[in-house]
>>> print(open('target.cif').read())   # mmCIF, N, CA and C atoms
data_target
#
loop_
_atom_site.label_atom_id
_atom_site.label_comp_id
_atom_site.auth_asym_id
_atom_site.auth_seq_id
_atom_site.Cartn_x
_atom_site.Cartn_y
_atom_site.Cartn_z
N MET A 1 6.64 15.97 -1.52
CA MET A 1 7.10 14.67 -1.10
C MET A 1 8.14 14.75 0.01
N LYS A 2 8.52 15.96 0.37
CA LYS A 2 9.53 16.12 1.42
C LYS A 2 8.95 16.03 2.83
N THR A 3 7.64 16.23 2.96
CA THR A 3 7.00 16.19 4.27
C THR A 3 6.34 14.84 4.48
N GLN A 4 6.63 14.23 5.63
CA GLN A 4 5.96 12.99 6.02
C GLN A 4 5.50 13.14 7.46
N ILE A 5 4.23 12.93 7.69
CA ILE A 5 3.65 13.01 9.02
C ILE A 5 3.70 11.62 9.64
N GLY A 6 4.19 11.52 10.87
CA GLY A 6 4.14 10.26 11.60
C GLY A 6 5.24 9.27 11.31
N GLY A 7 6.44 9.73 11.14
CA GLY A 7 7.55 8.79 10.95
C GLY A 7 8.39 9.12 9.74
N SER A 8 9.32 8.24 9.45
CA SER A 8 10.20 8.45 8.29
C SER A 8 10.37 7.16 7.48
N HIS A 9 9.42 6.26 7.59
CA HIS A 9 9.55 4.95 6.96
C HIS A 9 9.49 4.98 5.43
N TYR A 10 9.14 6.10 4.81
CA TYR A 10 9.15 6.20 3.35
C TYR A 10 10.32 7.04 2.84
N LYS A 11 10.95 7.77 3.71
CA LYS A 11 11.97 8.74 3.30
C LYS A 11 13.16 8.11 2.58
N ASP A 12 13.55 6.92 2.93
CA ASP A 12 14.73 6.29 2.33
C ASP A 12 14.41 5.48 1.08
N LYS A 13 13.17 5.48 0.65
CA LYS A 13 12.76 4.69 -0.52
C LYS A 13 13.09 5.45 -1.80
N ALA A 14 13.39 4.71 -2.86
CA ALA A 14 13.70 5.32 -4.15
C ALA A 14 12.50 6.09 -4.70
N ILE A 15 11.30 5.56 -4.44
CA ILE A 15 10.07 6.23 -4.84
C ILE A 15 9.05 5.97 -3.73
N GLN A 16 8.30 6.99 -3.38
CA GLN A 16 7.30 6.82 -2.34
C GLN A 16 6.06 6.13 -2.91
N PRO A 17 5.38 5.33 -2.08
CA PRO A 17 4.21 4.61 -2.56
C PRO A 17 3.17 5.50 -3.24
N VAL A 18 2.96 6.70 -2.71
CA VAL A 18 1.95 7.58 -3.31
C VAL A 18 2.38 8.02 -4.71
N GLU A 19 3.66 8.21 -4.93
CA GLU A 19 4.15 8.56 -6.26
C GLU A 19 3.93 7.41 -7.24
N TYR A 20 4.25 6.19 -6.79
CA TYR A 20 4.06 5.02 -7.64
C TYR A 20 2.59 4.81 -7.98
N ALA A 21 1.74 4.89 -6.96
CA ALA A 21 0.30 4.69 -7.16
C ALA A 21 -0.26 5.74 -8.13
N HIS A 22 0.13 6.98 -7.94
CA HIS A 22 -0.36 8.06 -8.80
C HIS A 22 0.12 7.87 -10.24
N ALA A 23 1.41 7.59 -10.41
CA ALA A 23 1.98 7.44 -11.76
C ALA A 23 1.35 6.28 -12.52
N ASN A 24 0.91 5.26 -11.78
CA ASN A 24 0.32 4.08 -12.43
C ASN A 24 -1.20 4.05 -12.36
N LYS A 25 -1.77 5.17 -11.92
CA LYS A 25 -3.23 5.32 -11.85
C LYS A 25 -3.91 4.18 -11.08
N LEU A 26 -3.30 3.84 -9.94
CA LEU A 26 -3.86 2.79 -9.09
C LEU A 26 -5.00 3.34 -8.26
N GLY A 27 -5.97 2.50 -7.99
CA GLY A 27 -7.07 2.87 -7.11
C GLY A 27 -6.66 2.77 -5.65
N PHE A 28 -7.61 3.09 -4.77
CA PHE A 28 -7.35 3.09 -3.33
C PHE A 28 -6.84 1.74 -2.84
N LEU A 29 -7.51 0.66 -3.21
CA LEU A 29 -7.13 -0.66 -2.72
C LEU A 29 -5.72 -1.04 -3.19
N GLU A 30 -5.45 -0.86 -4.47
CA GLU A 30 -4.13 -1.18 -4.99
C GLU A 30 -3.05 -0.31 -4.36
N GLY A 31 -3.34 0.98 -4.20
CA GLY A 31 -2.38 1.89 -3.58
C GLY A 31 -2.09 1.51 -2.14
N SER A 32 -3.11 1.04 -1.44
CA SER A 32 -2.92 0.61 -0.05
C SER A 32 -2.01 -0.61 0.01
N VAL A 33 -2.18 -1.53 -0.92
CA VAL A 33 -1.30 -2.71 -0.97
C VAL A 33 0.14 -2.26 -1.17
N VAL A 34 0.37 -1.36 -2.12
CA VAL A 34 1.72 -0.85 -2.37
C VAL A 34 2.28 -0.20 -1.11
N LYS A 35 1.47 0.60 -0.44
CA LYS A 35 1.91 1.29 0.78
C LYS A 35 2.37 0.30 1.84
N TYR A 36 1.53 -0.70 2.14
CA TYR A 36 1.86 -1.64 3.22
C TYR A 36 3.03 -2.55 2.86
N ILE A 37 3.11 -2.96 1.61
CA ILE A 37 4.24 -3.80 1.18
C ILE A 37 5.55 -3.01 1.25
N THR A 38 5.49 -1.73 0.89
CA THR A 38 6.69 -0.91 0.90
C THR A 38 7.23 -0.69 2.31
N ARG A 39 6.36 -0.54 3.29
CA ARG A 39 6.81 -0.13 4.62
C ARG A 39 6.93 -1.25 5.64
N TRP A 40 6.55 -2.47 5.31
CA TRP A 40 6.40 -3.50 6.34
C TRP A 40 7.68 -3.76 7.13
N ARG A 41 8.83 -3.72 6.49
CA ARG A 41 10.08 -3.98 7.22
C ARG A 41 10.47 -2.83 8.14
N ASP A 42 10.07 -1.61 7.79
CA ASP A 42 10.50 -0.42 8.52
C ASP A 42 9.48 0.09 9.53
N LYS A 43 8.25 -0.39 9.47
CA LYS A 43 7.23 0.16 10.36
C LYS A 43 6.41 -0.91 11.06
N GLY A 44 5.52 -1.58 10.32
CA GLY A 44 4.52 -2.41 10.97
C GLY A 44 4.80 -3.90 11.04
N GLY A 45 5.89 -4.36 10.42
CA GLY A 45 6.21 -5.78 10.44
C GLY A 45 5.12 -6.62 9.79
N VAL A 46 4.92 -7.80 10.33
CA VAL A 46 3.96 -8.75 9.78
C VAL A 46 2.55 -8.16 9.76
N ALA A 47 2.22 -7.29 10.70
CA ALA A 47 0.89 -6.66 10.70
C ALA A 47 0.65 -5.90 9.40
N ASP A 48 1.68 -5.26 8.86
CA ASP A 48 1.52 -4.56 7.58
C ASP A 48 1.32 -5.54 6.44
N LEU A 49 1.96 -6.70 6.50
CA LEU A 49 1.73 -7.72 5.48
C LEU A 49 0.29 -8.22 5.55
N GLU A 50 -0.23 -8.36 6.76
CA GLU A 50 -1.63 -8.77 6.92
C GLU A 50 -2.58 -7.71 6.41
N LYS A 51 -2.23 -6.45 6.60
CA LYS A 51 -3.06 -5.36 6.06
C LYS A 51 -3.05 -5.39 4.54
N ALA A 52 -1.87 -5.62 3.95
CA ALA A 52 -1.79 -5.71 2.48
C ALA A 52 -2.65 -6.85 1.99
N ARG A 53 -2.58 -8.00 2.66
CA ARG A 53 -3.40 -9.15 2.27
C ARG A 53 -4.88 -8.84 2.40
N HIS A 54 -5.25 -8.10 3.44
CA HIS A 54 -6.64 -7.71 3.63
C HIS A 54 -7.14 -6.87 2.45
N PHE A 55 -6.33 -5.93 2.01
CA PHE A 55 -6.73 -5.10 0.87
C PHE A 55 -6.79 -5.91 -0.42
N ILE A 56 -5.90 -6.88 -0.57
CA ILE A 56 -5.96 -7.76 -1.74
C ILE A 56 -7.24 -8.59 -1.70
N ASP A 57 -7.57 -9.12 -0.52
CA ASP A 57 -8.81 -9.89 -0.38
C ASP A 57 -10.04 -9.04 -0.68
N LEU A 58 -10.04 -7.80 -0.23
CA LEU A 58 -11.15 -6.89 -0.53
C LEU A 58 -11.28 -6.68 -2.04
N LEU A 59 -10.15 -6.47 -2.69
CA LEU A 59 -10.15 -6.26 -4.14
C LEU A 59 -10.67 -7.49 -4.88
N ILE A 60 -10.23 -8.66 -4.46
CA ILE A 60 -10.71 -9.90 -5.07
C ILE A 60 -12.21 -10.04 -4.89
N ASP A 61 -12.70 -9.78 -3.67
CA ASP A 61 -14.15 -9.87 -3.40
C ASP A 61 -14.93 -8.92 -4.30
N LEU A 62 -14.47 -7.70 -4.40
CA LEU A 62 -15.18 -6.71 -5.23
C LEU A 62 -15.14 -7.10 -6.71
N GLU A 63 -14.00 -7.58 -7.16
CA GLU A 63 -13.89 -7.98 -8.56
C GLU A 63 -14.77 -9.19 -8.86
N ASN A 64 -14.88 -10.12 -7.93
CA ASN A 64 -15.73 -11.29 -8.14
C ASN A 64 -17.20 -10.92 -8.15
N LYS A 65 -17.59 -9.89 -7.42
CA LYS A 65 -18.98 -9.45 -7.41
C LYS A 65 -19.39 -8.85 -8.75
N GLU A 66 -18.43 -8.31 -9.46
CA GLU A 66 -18.72 -7.67 -10.74
C GLU A 66 -18.90 -8.68 -11.87
N LYS A 67 -18.58 -9.92 -11.64
CA LYS A 67 -18.65 -10.95 -12.70
C LYS A 67 -20.01 -11.58 -12.74
#
>>> encode(input="target.cif", output="structure tokens")
Amino acid sequence: MKTQIGGSHYKDKAIQPVEYAHANKLGFLEGSVVKYITRWRDKGGVADLEKARHFIDLLIDLENKEK
């Protein structure tokens, strides 16, 4: 967890998104939401919030298809 490629936007966090996702057995879509929500203020701004929303929308679509 000490190495981060491409910036330092996770270094100051109490827990890195990948650690949280792994500990809670989150899938790719859920983990991506955690990642973008965690970093939006420090890296991508509103674009990261839009990315998080996109992954939530994908998850909703997939879950609705299973019903």
>>> residues_around(input="target.cif", residues="stretch 30-36 of chain A", least_positions_apart="2", cutoff="8 Å", atoms="all atoms listed in the file", output="list in words")
Gln16, Pro17, Val18, Tyr20, Ala21, His22, Lys25, Leu26, Gly27, Phe28, Thr38, Arg39, Trp40, Arg41, Gly44, Ala47, Asp48, Leu49, Glu50, Lys51, Ala52, Arg53, His54, Phe55, Ile56 and Leu59 of chain A
>>> select_by_dssp(input="target.cif", residues="chain A", states="alpha helix (DSSP H)", output="compact mmCIF listing (two decimals) with N, CA and C atoms, in the frame of the given file")
# COMPACT_ATOMS: atom_id res chain seq x y z
N PRO A 17 5.38 5.33 -2.08
CA PRO A 17 4.21 4.61 -2.56
C PRO A 17 3.17 5.50 -3.24
N VAL A 18 2.96 6.70 -2.71
CA VAL A 18 1.95 7.58 -3.31
C VAL A 18 2.38 8.02 -4.71
N GLU A 19 3.66 8.21 -4.93
CA GLU A 19 4.15 8.56 -6.26
C GLU A 19 3.93 7.41 -7.24
N TYR A 20 4.25 6.19 -6.79
CA TYR A 20 4.06 5.02 -7.64
C TYR A 20 2.59 4.81 -7.98
N ALA A 21 1.74 4.89 -6.96
CA ALA A 21 0.30 4.69 -7.16
C ALA A 21 -0.26 5.74 -8.13
N HIS A 22 0.13 6.98 -7.94
CA HIS A 22 -0.36 8.06 -8.80
C HIS A 22 0.12 7.87 -10.24
N ALA A 23 1.41 7.59 -10.41
CA ALA A 23 1.98 7.44 -11.76
C ALA A 23 1.35 6.28 -12.52
N PHE A 28 -7.61 3.09 -4.77
CA PHE A 28 -7.35 3.09 -3.33
C PHE A 28 -6.84 1.74 -2.84
N LEU A 29 -7.51 0.66 -3.21
CA LEU A 29 -7.13 -0.66 -2.72
C LEU A 29 -5.72 -1.04 -3.19
N GLU A 30 -5.45 -0.86 -4.47
CA GLU A 30 -4.13 -1.18 -4.99
C GLU A 30 -3.05 -0.31 -4.36
N GLY A 31 -3.34 0.98 -4.20
CA GLY A 31 -2.38 1.89 -3.58
C GLY A 31 -2.09 1.51 -2.14
N SER A 32 -3.11 1.04 -1.44
CA SER A 32 -2.92 0.61 -0.05
C SER A 32 -2.01 -0.61 0.01
N VAL A 33 -2.18 -1.53 -0.92
CA VAL A 33 -1.30 -2.71 -0.97
C VAL A 33 0.14 -2.26 -1.17
N VAL A 34 0.37 -1.36 -2.12
CA VAL A 34 1.72 -0.85 -2.37
C VAL A 34 2.28 -0.20 -1.11
N LYS A 35 1.47 0.60 -0.44
CA LYS A 35 1.91 1.29 0.78
C LYS A 35 2.37 0.30 1.84
N TYR A 36 1.53 -0.70 2.14
CA TYR A 36 1.86 -1.64 3.22
C TYR A 36 3.03 -2.55 2.86
N ILE A 37 3.11 -2.96 1.61
CA ILE A 37 4.24 -3.80 1.18
C ILE A 37 5.55 -3.01 1.25
N THR A 38 5.49 -1.73 0.89
CA THR A 38 6.69 -0.91 0.90
C THR A 38 7.23 -0.69 2.31
N ARG A 39 6.36 -0.54 3.29
CA ARG A 39 6.81 -0.13 4.62
C ARG A 39 6.93 -1.25 5.64
N VAL A 46 4.92 -7.80 10.33
CA VAL A 46 3.96 -8.75 9.78
C VAL A 46 2.55 -8.16 9.76
N ALA A 47 2.22 -7.29 10.70
CA ALA A 47 0.89 -6.66 10.70
C ALA A 47 0.65 -5.90 9.40
N ASP A 48 1.68 -5.26 8.86
CA ASP A 48 1.52 -4.56 7.58
C ASP A 48 1.32 -5.54 6.44
N LEU A 49 1.96 -6.70 6.50
CA LEU A 49 1.73 -7.72 5.48
C LEU A 49 0.29 -8.22 5.55
N GLU A 50 -0.23 -8.36 6.76
CA GLU A 50 -1.63 -8.77 6.92
C GLU A 50 -2.58 -7.71 6.41
N LYS A 51 -2.23 -6.45 6.60
CA LYS A 51 -3.06 -5.36 6.06
C LYS A 51 -3.05 -5.39 4.54
N ALA A 52 -1.87 -5.62 3.95
CA ALA A 52 -1.79 -5.71 2.48
C ALA A 52 -2.65 -6.85 1.99
N ARG A 53 -2.58 -8.00 2.66
CA ARG A 53 -3.40 -9.15 2.27
C ARG A 53 -4.88 -8.84 2.40
N HIS A 54 -5.25 -8.10 3.44
CA HIS A 54 -6.64 -7.71 3.63
C HIS A 54 -7.14 -6.87 2.45
N PHE A 55 -6.33 -5.93 2.01
CA PHE A 55 -6.73 -5.10 0.87
C PHE A 55 -6.79 -5.91 -0.42
N ILE A 56 -5.90 -6.88 -0.57
CA ILE A 56 -5.96 -7.76 -1.74
C ILE A 56 -7.24 -8.59 -1.70
N ASP A 57 -7.57 -9.12 -0.52
CA ASP A 57 -8.81 -9.89 -0.38
C ASP A 57 -10.04 -9.04 -0.68
N LEU A 58 -10.04 -7.80 -0.23
CA LEU A 58 -11.15 -6.89 -0.53
C LEU A 58 -11.28 -6.68 -2.04
N LEU A 59 -10.15 -6.47 -2.69
CA LEU A 59 -10.15 -6.26 -4.14
C LEU A 59 -10.67 -7.49 -4.88
N ILE A 60 -10.23 -8.66 -4.46
CA ILE A 60 -10.71 -9.90 -5.07
C ILE A 60 -12.21 -10.04 -4.89
N ASP A 61 -12.70 -9.78 -3.67
CA ASP A 61 -14.15 -9.87 -3.40
C ASP A 61 -14.93 -8.92 -4.30
N LEU A 62 -14.47 -7.70 -4.40
CA LEU A 62 -15.18 -6.71 -5.23
C LEU A 62 -15.14 -7.10 -6.71
N GLU A 63 -14.00 -7.58 -7.16
CA GLU A 63 -13.89 -7.98 -8.56
C GLU A 63 -14.77 -9.19 -8.86
N ASN A 64 -14.88 -10.12 -7.93
CA ASN A 64 -15.73 -11.29 -8.14
C ASN A 64 -17.20 -10.92 -8.15
N LYS A 65 -17.59 -9.89 -7.42
CA LYS A 65 -18.98 -9.45 -7.41
C LYS A 65 -19.39 -8.85 -8.75
>>> atom_distance(input="target.cif", atom1="atom CA of A:Leu62", atom2="atom C of A:Glu19")
23.8 Å
>>> atom_distance(input="target.cif", atom1="atom N of A:Asn24", atom2="atom C of A:Ile37")
16.1 Å
>>> atom_distance(input="target.cif", atom1="atom CA of A:Asp42", atom2="atom N of A:Ala14")
12.8 Å
